[in-house]
Amino acid sequence: MDTLLDLLNSRPLINGAEQDELGDPDSGRRWAREHGGDGSLAELALLREARDVLRDVVCATTSPEALRPLLDGVRQVPEVTSEGLRWTVEAPPHARLAVAAVLAWADTEQRLPGRLRPCANGECRLFLLDRSRANRARWCSMATCGNREKARRHYERTR
């Protein structure tokens, strides 16, 4: 789940300018390696594609059907161990991280439906996973986006 959020949040706006952690090969390789990938150019291209499609799916601007091409060549293989049955996902090496992100999204949608969402601050591109009991979290960070939004609304009310 951390890889999913990290991937979705790898393109933040900082001081109004987009900072793409996967944009240049050096930072992209570093990001991929920190998340268990190999940092190949093919992997980075697929991660950027997965990020964009997942963003659109989470924002409900595209159907989950758009994720299907990211799962080409992926298989689940059963393995019986002393602890019981375990399923292993087999994917081409350059696709492992992207596939892991798609599977994490599917797992999140199944276990925590509606809890993965974009920050409510329209000037923010980050996503959050609401783990609160009430399912009412709106901002990626209360310290930044939440306080800014509350201050903005207060200013508008008192103006």
# chains A, B, ... in the order shown; residues from 1 in each chain; ligands from 1

call {"tool": "select_by_dssp", "arguments": {"residues": "chain A", "states": "helix (DSSP H, G or I)", "output": "compact mmCIF listing (two decimals) with N, CA, C and O atoms, in the first residue's frame"}}
result
# COMPACT_ATOMS: atom_id res chain seq x y z
N ASP A 2 2.02 1.18 0.67
CA ASP A 2 2.92 2.34 0.68
C ASP A 2 3.43 2.66 -0.72
O ASP A 2 3.52 3.82 -1.09
N THR A 3 3.74 1.62 -1.48
CA THR A 3 4.22 1.85 -2.85
C THR A 3 3.14 2.53 -3.68
O THR A 3 3.42 3.43 -4.47
N LEU A 4 1.89 2.13 -3.49
CA LEU A 4 0.78 2.75 -4.23
C LEU A 4 0.69 4.24 -3.91
O LEU A 4 0.66 5.08 -4.82
N LEU A 5 0.67 4.60 -2.65
CA LEU A 5 0.60 6.01 -2.27
C LEU A 5 1.84 6.77 -2.72
O LEU A 5 1.72 7.90 -3.22
N ASP A 6 2.99 6.16 -2.55
CA ASP A 6 4.23 6.82 -2.99
C ASP A 6 4.21 7.07 -4.50
O ASP A 6 4.65 8.12 -4.97
N LEU A 7 3.68 6.10 -5.26
CA LEU A 7 3.61 6.27 -6.71
C LEU A 7 2.62 7.38 -7.07
O LEU A 7 2.93 8.27 -7.86
N LEU A 8 1.44 7.35 -6.48
CA LEU A 8 0.45 8.39 -6.75
C LEU A 8 0.96 9.77 -6.36
O LEU A 8 0.63 10.76 -7.01
N PRO A 25 15.79 10.29 -15.45
CA PRO A 25 16.28 8.94 -15.19
C PRO A 25 16.96 8.75 -13.83
O PRO A 25 16.76 7.73 -13.19
N ASP A 26 17.74 9.73 -13.38
CA ASP A 26 18.45 9.56 -12.11
C ASP A 26 17.50 9.48 -10.92
O ASP A 26 17.58 8.56 -10.11
N SER A 27 16.60 10.44 -10.81
CA SER A 27 15.67 10.41 -9.67
C SER A 27 14.69 9.26 -9.81
O SER A 27 14.30 8.64 -8.82
N GLY A 28 14.31 8.93 -11.05
CA GLY A 28 13.41 7.80 -11.27
C GLY A 28 14.05 6.48 -10.86
O GLY A 28 13.40 5.65 -10.22
N ARG A 29 15.31 6.30 -11.24
CA ARG A 29 16.02 5.07 -10.83
C ARG A 29 16.10 4.97 -9.31
O ARG A 29 15.90 3.91 -8.74
N ARG A 30 16.42 6.10 -8.68
CA ARG A 30 16.52 6.11 -7.23
C ARG A 30 15.17 5.73 -6.61
O ARG A 30 15.10 4.90 -5.71
N TRP A 31 14.09 6.34 -7.11
CA TRP A 31 12.75 6.05 -6.59
C TRP A 31 12.43 4.56 -6.76
O TRP A 31 11.98 3.91 -5.83
N ALA A 32 12.67 4.04 -7.96
CA ALA A 32 12.36 2.63 -8.23
C ALA A 32 13.17 1.70 -7.34
O ALA A 32 12.63 0.74 -6.78
N ARG A 33 14.44 1.98 -7.19
CA ARG A 33 15.29 1.11 -6.35
C ARG A 33 14.87 1.17 -4.89
O ARG A 33 14.91 0.15 -4.19
N GLU A 34 14.48 2.33 -4.41
CA GLU A 34 14.00 2.46 -3.03
C GLU A 34 12.72 1.66 -2.80
O GLU A 34 12.40 1.32 -1.67
N LEU A 41 14.90 1.81 -17.67
CA LEU A 41 14.08 2.79 -18.39
C LEU A 41 12.70 2.24 -18.70
O LEU A 41 11.71 2.97 -18.66
N ALA A 42 12.62 0.95 -19.01
CA ALA A 42 11.32 0.32 -19.28
C ALA A 42 10.45 0.33 -18.02
O ALA A 42 9.25 0.60 -18.09
N GLU A 43 11.07 0.09 -16.88
CA GLU A 43 10.33 0.12 -15.62
C GLU A 43 9.82 1.52 -15.34
O GLU A 43 8.66 1.70 -14.95
N LEU A 44 10.66 2.53 -15.54
CA LEU A 44 10.25 3.91 -15.28
C LEU A 44 9.11 4.34 -16.19
O LEU A 44 8.17 5.00 -15.75
N ALA A 45 9.17 3.96 -17.45
CA ALA A 45 8.10 4.30 -18.38
C ALA A 45 6.78 3.67 -17.95
O ALA A 45 5.73 4.32 -17.96
N LEU A 46 6.84 2.41 -17.52
CA LEU A 46 5.62 1.73 -17.08
C LEU A 46 5.11 2.31 -15.76
O LEU A 46 3.90 2.43 -15.56
N LEU A 47 6.02 2.70 -14.88
CA LEU A 47 5.60 3.32 -13.62
C LEU A 47 4.90 4.65 -13.87
O LEU A 47 3.88 4.95 -13.24
N ARG A 48 5.41 5.45 -14.79
CA ARG A 48 4.75 6.72 -15.12
C ARG A 48 3.37 6.47 -15.70
O ARG A 48 2.40 7.15 -15.34
N GLU A 49 3.27 5.48 -16.57
CA GLU A 49 1.97 5.14 -17.15
C GLU A 49 1.01 4.65 -16.06
O GLU A 49 -0.16 5.07 -16.02
N ALA A 50 1.48 3.76 -15.20
CA ALA A 50 0.64 3.24 -14.12
C ALA A 50 0.19 4.37 -13.20
O ALA A 50 -0.98 4.42 -12.80
N ARG A 51 1.09 5.27 -12.87
CA ARG A 51 0.75 6.40 -12.00
C ARG A 51 -0.38 7.22 -12.61
O ARG A 51 -1.34 7.56 -11.93
N ASP A 52 -0.27 7.53 -13.89
CA ASP A 52 -1.27 8.37 -14.54
C ASP A 52 -2.62 7.66 -14.63
O ASP A 52 -3.67 8.27 -14.38
N VAL A 53 -2.61 6.38 -14.97
CA VAL A 53 -3.87 5.64 -15.07
C VAL A 53 -4.49 5.47 -13.69
O VAL A 53 -5.70 5.68 -13.51
N LEU A 54 -3.68 5.11 -12.69
CA LEU A 54 -4.21 4.97 -11.33
C LEU A 54 -4.78 6.29 -10.81
O LEU A 54 -5.83 6.31 -10.18
N ARG A 55 -4.09 7.39 -11.10
CA ARG A 55 -4.61 8.71 -10.70
C ARG A 55 -5.99 8.93 -11.29
O ARG A 55 -6.93 9.33 -10.60
N ASP A 56 -6.14 8.66 -12.57
CA ASP A 56 -7.43 8.86 -13.22
C ASP A 56 -8.50 7.92 -12.68
O ASP A 56 -9.66 8.31 -12.55
N VAL A 57 -8.13 6.70 -12.36
CA VAL A 57 -9.09 5.75 -11.80
C VAL A 57 -9.52 6.19 -10.40
O VAL A 57 -10.70 6.20 -10.07
N VAL A 58 -8.55 6.58 -9.57
CA VAL A 58 -8.88 7.02 -8.20
C VAL A 58 -9.73 8.28 -8.23
O VAL A 58 -10.66 8.44 -7.45
N PRO A 64 -11.86 1.62 -14.14
CA PRO A 64 -10.79 0.68 -13.77
C PRO A 64 -10.38 -0.22 -14.93
O PRO A 64 -9.28 -0.77 -14.93
N GLU A 65 -11.22 -0.33 -15.93
CA GLU A 65 -10.90 -1.12 -17.12
C GLU A 65 -9.60 -0.63 -17.77
O GLU A 65 -8.89 -1.39 -18.42
N ALA A 66 -9.26 0.64 -17.57
CA ALA A 66 -8.04 1.21 -18.15
C ALA A 66 -6.78 0.59 -17.56
O ALA A 66 -5.69 0.74 -18.13
N LEU A 67 -6.89 -0.11 -16.45
CA LEU A 67 -5.74 -0.76 -15.82
C LEU A 67 -5.36 -2.07 -16.50
O LEU A 67 -4.27 -2.58 -16.29
N ARG A 68 -6.26 -2.61 -17.30
CA ARG A 68 -6.04 -3.92 -17.92
C ARG A 68 -4.71 -4.02 -18.67
O ARG A 68 -3.98 -5.00 -18.49
N PRO A 69 -4.31 -3.05 -19.51
CA PRO A 69 -3.03 -3.20 -20.22
C PRO A 69 -1.81 -3.29 -19.29
O PRO A 69 -0.79 -3.88 -19.66
N LEU A 70 -1.93 -2.75 -18.10
CA LEU A 70 -0.81 -2.81 -17.15
C LEU A 70 -0.61 -4.23 -16.61
O LEU A 70 0.43 -4.52 -16.03
N LEU A 71 -1.62 -5.06 -16.78
CA LEU A 71 -1.55 -6.42 -16.25
C LEU A 71 -1.27 -7.47 -17.32
O LEU A 71 -1.34 -8.66 -17.05
N PRO A 93 9.99 -8.60 -15.40
CA PRO A 93 10.79 -7.85 -14.42
C PRO A 93 10.54 -6.34 -14.44
O PRO A 93 10.42 -5.73 -13.38
N HIS A 94 10.42 -5.75 -15.61
CA HIS A 94 10.22 -4.30 -15.67
C HIS A 94 8.82 -3.88 -15.21
O HIS A 94 8.59 -2.70 -14.97
N ALA A 95 7.92 -4.84 -15.06
CA ALA A 95 6.54 -4.52 -14.71
C ALA A 95 6.21 -4.79 -13.25
O ALA A 95 5.11 -4.45 -12.79
N ARG A 96 7.13 -5.37 -12.49
CA ARG A 96 6.81 -5.79 -11.12
C ARG A 96 6.26 -4.66 -10.25
O ARG A 96 5.26 -4.82 -9.56
N LEU A 97 6.93 -3.49 -10.24
CA LEU A 97 6.47 -2.39 -9.39
C LEU A 97 5.12 -1.85 -9.83
O LEU A 97 4.26 -1.57 -9.00
N ALA A 98 4.94 -1.68 -11.12
CA ALA A 98 3.66 -1.17 -11.62
C ALA A 98 2.54 -2.16 -11.29
O ALA A 98 1.45 -1.75 -10.85
N VAL A 99 2.79 -3.44 -11.47
CA VAL A 99 1.80 -4.46 -11.15
C VAL A 99 1.51 -4.45 -9.65
O VAL A 99 0.35 -4.53 -9.23
N ALA A 100 2.54 -4.32 -8.83
CA ALA A 100 2.34 -4.25 -7.38
C ALA A 100 1.45 -3.07 -7.01
O ALA A 100 0.58 -3.18 -6.14
N ALA A 101 1.63 -1.94 -7.67
CA ALA A 101 0.79 -0.76 -7.39
C ALA A 101 -0.65 -1.02 -7.80
O ALA A 101 -1.59 -0.67 -7.06
N VAL A 102 -0.87 -1.63 -8.95
CA VAL A 102 -2.23 -1.94 -9.40
C VAL A 102 -2.89 -2.93 -8.44
O VAL A 102 -4.05 -2.76 -8.06
N LEU A 103 -2.15 -3.94 -8.02
CA LEU A 103 -2.71 -4.93 -7.08
C LEU A 103 -2.98 -4.29 -5.72
O LEU A 103 -3.97 -4.63 -5.05
N ALA A 104 -2.12 -3.36 -5.30
CA ALA A 104 -2.36 -2.65 -4.03
C ALA A 104 -3.62 -1.80 -4.14
O ALA A 104 -4.40 -1.71 -3.18
N TRP A 105 -3.83 -1.17 -5.29
CA TRP A 105 -5.06 -0.40 -5.50
C TRP A 105 -6.28 -1.32 -5.39
O TRP A 105 -7.25 -0.99 -4.71
N ALA A 106 -6.23 -2.48 -6.06
CA ALA A 106 -7.36 -3.43 -6.03
C ALA A 106 -7.62 -3.90 -4.60
O ALA A 106 -8.78 -3.97 -4.17
N ASP A 107 -6.56 -4.19 -3.87
CA ASP A 107 -6.70 -4.63 -2.48
C ASP A 107 -7.30 -3.52 -1.62
O ASP A 107 -8.18 -3.76 -0.79
N THR A 108 -6.86 -2.30 -1.83
CA THR A 108 -7.39 -1.16 -1.08
C THR A 108 -8.86 -0.95 -1.38
O THR A 108 -9.67 -0.71 -0.48
N GLU A 109 -9.23 -1.05 -2.64
CA GLU A 109 -10.63 -0.88 -3.02
C GLU A 109 -11.51 -1.98 -2.42
O GLU A 109 -12.66 -1.73 -2.09
N GLN A 110 -10.95 -3.16 -2.28
CA GLN A 110 -11.71 -4.27 -1.70
C GLN A 110 -11.83 -4.14 -0.18
O GLN A 110 -12.90 -4.29 0.38
N ARG A 111 -10.71 -3.85 0.47
CA ARG A 111 -10.71 -3.81 1.94
C ARG A 111 -11.15 -2.47 2.51
O ARG A 111 -11.72 -2.42 3.59
N MET A 142 -2.87 17.61 7.36
CA MET A 142 -3.57 18.67 8.08
C MET A 142 -2.63 19.86 8.28
O MET A 142 -3.07 21.01 8.23
N ALA A 143 -1.35 19.59 8.45
CA ALA A 143 -0.38 20.66 8.71
C ALA A 143 -0.22 21.59 7.51
O ALA A 143 0.04 22.77 7.68
N THR A 144 -0.38 21.07 6.32
CA THR A 144 -0.21 21.93 5.14
C THR A 144 -1.55 22.24 4.50
O THR A 144 -2.08 23.33 4.65
N CYS A 145 -2.10 21.29 3.80
CA CYS A 145 -3.33 21.56 3.04
C CYS A 145 -4.52 21.86 3.94
O CYS A 145 -5.31 22.75 3.64
N GLY A 146 -4.67 21.13 5.02
CA GLY A 146 -5.81 21.36 5.92
C GLY A 146 -5.79 22.75 6.51
O GLY A 146 -6.80 23.47 6.49
N ASN A 147 -4.66 23.16 7.05
CA ASN A 147 -4.56 24.50 7.64
C ASN A 147 -4.74 25.59 6.61
O ASN A 147 -5.39 26.60 6.86
N ARG A 148 -4.15 25.41 5.43
CA ARG A 148 -4.31 26.40 4.37
C ARG A 148 -5.78 26.57 3.99
O ARG A 148 -6.27 27.67 3.83
N GLU A 149 -6.45 25.46 3.81
CA GLU A 149 -7.85 25.50 3.40
C GLU A 149 -8.72 26.13 4.48
O GLU A 149 -9.60 26.95 4.20
N LYS A 150 -8.48 25.76 5.72
CA LYS A 150 -9.25 26.35 6.82
C LYS A 150 -8.97 27.84 6.94
O LYS A 150 -9.89 28.64 7.17
N ALA A 151 -7.73 28.25 6.78
CA ALA A 151 -7.39 29.67 6.84
C ALA A 151 -8.05 30.42 5.69
O ALA A 151 -8.56 31.53 5.88
N ARG A 152 -8.05 29.83 4.51
CA ARG A 152 -8.67 30.46 3.35
C ARG A 152 -10.17 30.65 3.56
O ARG A 152 -10.73 31.71 3.30
N ARG A 153 -10.84 29.62 4.08
CA ARG A 153 -12.28 29.74 4.33
C ARG A 153 -12.57 30.77 5.41
O ARG A 153 -13.52 31.54 5.31
N HIS A 154 -11.73 30.79 6.45
CA HIS A 154 -11.91 31.77 7.53
C HIS A 154 -11.76 33.19 6.97
O HIS A 154 -12.55 34.07 7.27
N TYR A 155 -10.75 33.39 6.14
CA TYR A 155 -10.51 34.70 5.54
C TYR A 155 -11.72 35.12 4.69
O TYR A 155 -12.17 36.27 4.77
N GLU A 156 -12.26 34.19 3.90
CA GLU A 156 -13.41 34.51 3.06
C GLU A 156 -14.64 34.85 3.88
O GLU A 156 -15.43 35.72 3.53
N ARG A 157 -14.83 34.15 5.00
CA ARG A 157 -16.00 34.43 5.87
C ARG A 157 -15.88 35.79 6.53
O ARG A 157 -16.88 36.48 6.73
N THR A 158 -14.69 36.16 6.94
CA THR A 158 -14.52 37.39 7.71
C THR A 158 -14.26 38.61 6.82
O THR A 158 -14.23 39.72 7.31

call {"tool": "select_by_dssp", "arguments": {"residues": "chain A", "states": "strand (DSSP E or B)", "output": "ChimeraX atom specification"}}
result
/A:13-14,17-18,75-81,84-90,116-118,127-129

call {"tool": "closest_residue", "arguments": {"among": "A:Met1, A:Leu85, A:Cys124, A:Leu22", "to": "A:Ser40", "atoms": "only C-alpha atoms"}}
result
A:Leu22

call {"tool": "closest_residue", "arguments": {"among": "A:Gly39, A:Glu123, A:Glu21, A:Arg133", "to": "A:Asn9", "atoms": "only C-alpha atoms"}}
result
A:Glu21

call {"tool": "residues_around", "arguments": {"residues": "A:Leu128", "least_positions_apart": "5", "cutoff": "6 Å", "atoms": "only C-alpha atoms", "output": "list of chain:residue names"}}
result
A:Leu116, A:Arg117, A:Cys140

call {"tool": "closest_residue", "arguments": {"among": "A:Leu126, A:Leu112, A:Leu13, A:Ala91", "to": "A:Asp72", "atoms": "only C-alpha atoms"}}
result
A:Ala91

call {"tool": "closest_residue", "arguments": {"among": "A:Gln76, A:Thr81, A:Pro92, A:Arg115", "to": "A:Asp38", "atoms": "only C-alpha atoms"}}
result
A:Pro92

call {"tool": "residues_around", "arguments": {"residues": "A:Glu90", "least_positions_apart": "3", "cutoff": "8 Å", "atoms": "only C-alpha atoms", "output": "PyMOL selection string"}}
result
chain A and resi 74-77

call {"tool": "write_last_selection", "arguments": {"atoms": "all heavy atoms", "output": "PDB file, in the first residue's frame"}}
result
ATOM      1  N   VAL A  74       0.837 -10.933 -16.770  1.00  0.00           N
ATOM      2  CA  VAL A  74       0.882 -11.196 -15.325  1.00  0.00           C
ATOM      3  C   VAL A  74       0.080 -12.458 -15.032  1.00  0.00           C
ATOM      4  O   VAL A  74      -1.012 -12.656 -15.558  1.00  0.00           O
ATOM      5  CB  VAL A  74       0.306  -9.992 -14.531  1.00  0.00           C
ATOM      6  CG1 VAL A  74       0.255 -10.295 -13.045  1.00  0.00           C
ATOM      7  CG2 VAL A  74       1.129  -8.755 -14.810  1.00  0.00           C
ATOM      8  N   ARG A  75       0.652 -13.309 -14.177  1.00  0.00           N
ATOM      9  CA  ARG A  75      -0.029 -14.549 -13.783  1.00  0.00           C
ATOM     10  C   ARG A  75       0.059 -14.710 -12.273  1.00  0.00           C
ATOM     11  O   ARG A  75       1.014 -14.259 -11.655  1.00  0.00           O
ATOM     12  CB  ARG A  75       0.644 -15.775 -14.403  1.00  0.00           C
ATOM     13  CG  ARG A  75       0.661 -15.815 -15.874  1.00  0.00           C
ATOM     14  CD  ARG A  75       1.356 -17.050 -16.433  1.00  0.00           C
ATOM     15  NE  ARG A  75       2.387 -17.625 -15.603  1.00  0.00           N
ATOM     16  CZ  ARG A  75       2.539 -18.935 -15.373  1.00  0.00           C
ATOM     17  NH1 ARG A  75       1.727 -19.792 -15.899  1.00  0.00           N
ATOM     18  NH2 ARG A  75       3.513 -19.378 -14.610  1.00  0.00           N
ATOM     19  N   GLN A  76      -0.947 -15.383 -11.722  1.00  0.00           N
ATOM     20  CA  GLN A  76      -0.905 -15.778 -10.320  1.00  0.00           C
ATOM     21  C   GLN A  76      -0.677 -17.272 -10.288  1.00  0.00           C
ATOM     22  O   GLN A  76      -1.391 -18.033 -10.936  1.00  0.00           O
ATOM     23  CB  GLN A  76      -2.230 -15.455  -9.620  1.00  0.00           C
ATOM     24  CG  GLN A  76      -2.143 -14.267  -8.741  1.00  0.00           C
ATOM     25  CD  GLN A  76      -3.377 -14.144  -7.862  1.00  0.00           C
ATOM     26  OE1 GLN A  76      -4.448 -14.619  -8.189  1.00  0.00           O
ATOM     27  NE2 GLN A  76      -3.212 -13.488  -6.745  1.00  0.00           N
ATOM     28  N   VAL A  77       0.325 -17.687  -9.523  1.00  0.00           N
ATOM     29  CA  VAL A  77       0.684 -19.095  -9.472  1.00  0.00           C
ATOM     30  C   VAL A  77       0.517 -19.591  -8.032  1.00  0.00           C
ATOM     31  O   VAL A  77       1.065 -18.987  -7.101  1.00  0.00           O
ATOM     32  CB  VAL A  77       2.158 -19.290  -9.928  1.00  0.00           C
ATOM     33  CG1 VAL A  77       2.557 -20.745  -9.861  1.00  0.00           C
ATOM     34  CG2 VAL A  77       2.344 -18.727 -11.322  1.00  0.00           C
TER      35      VAL A  77
END
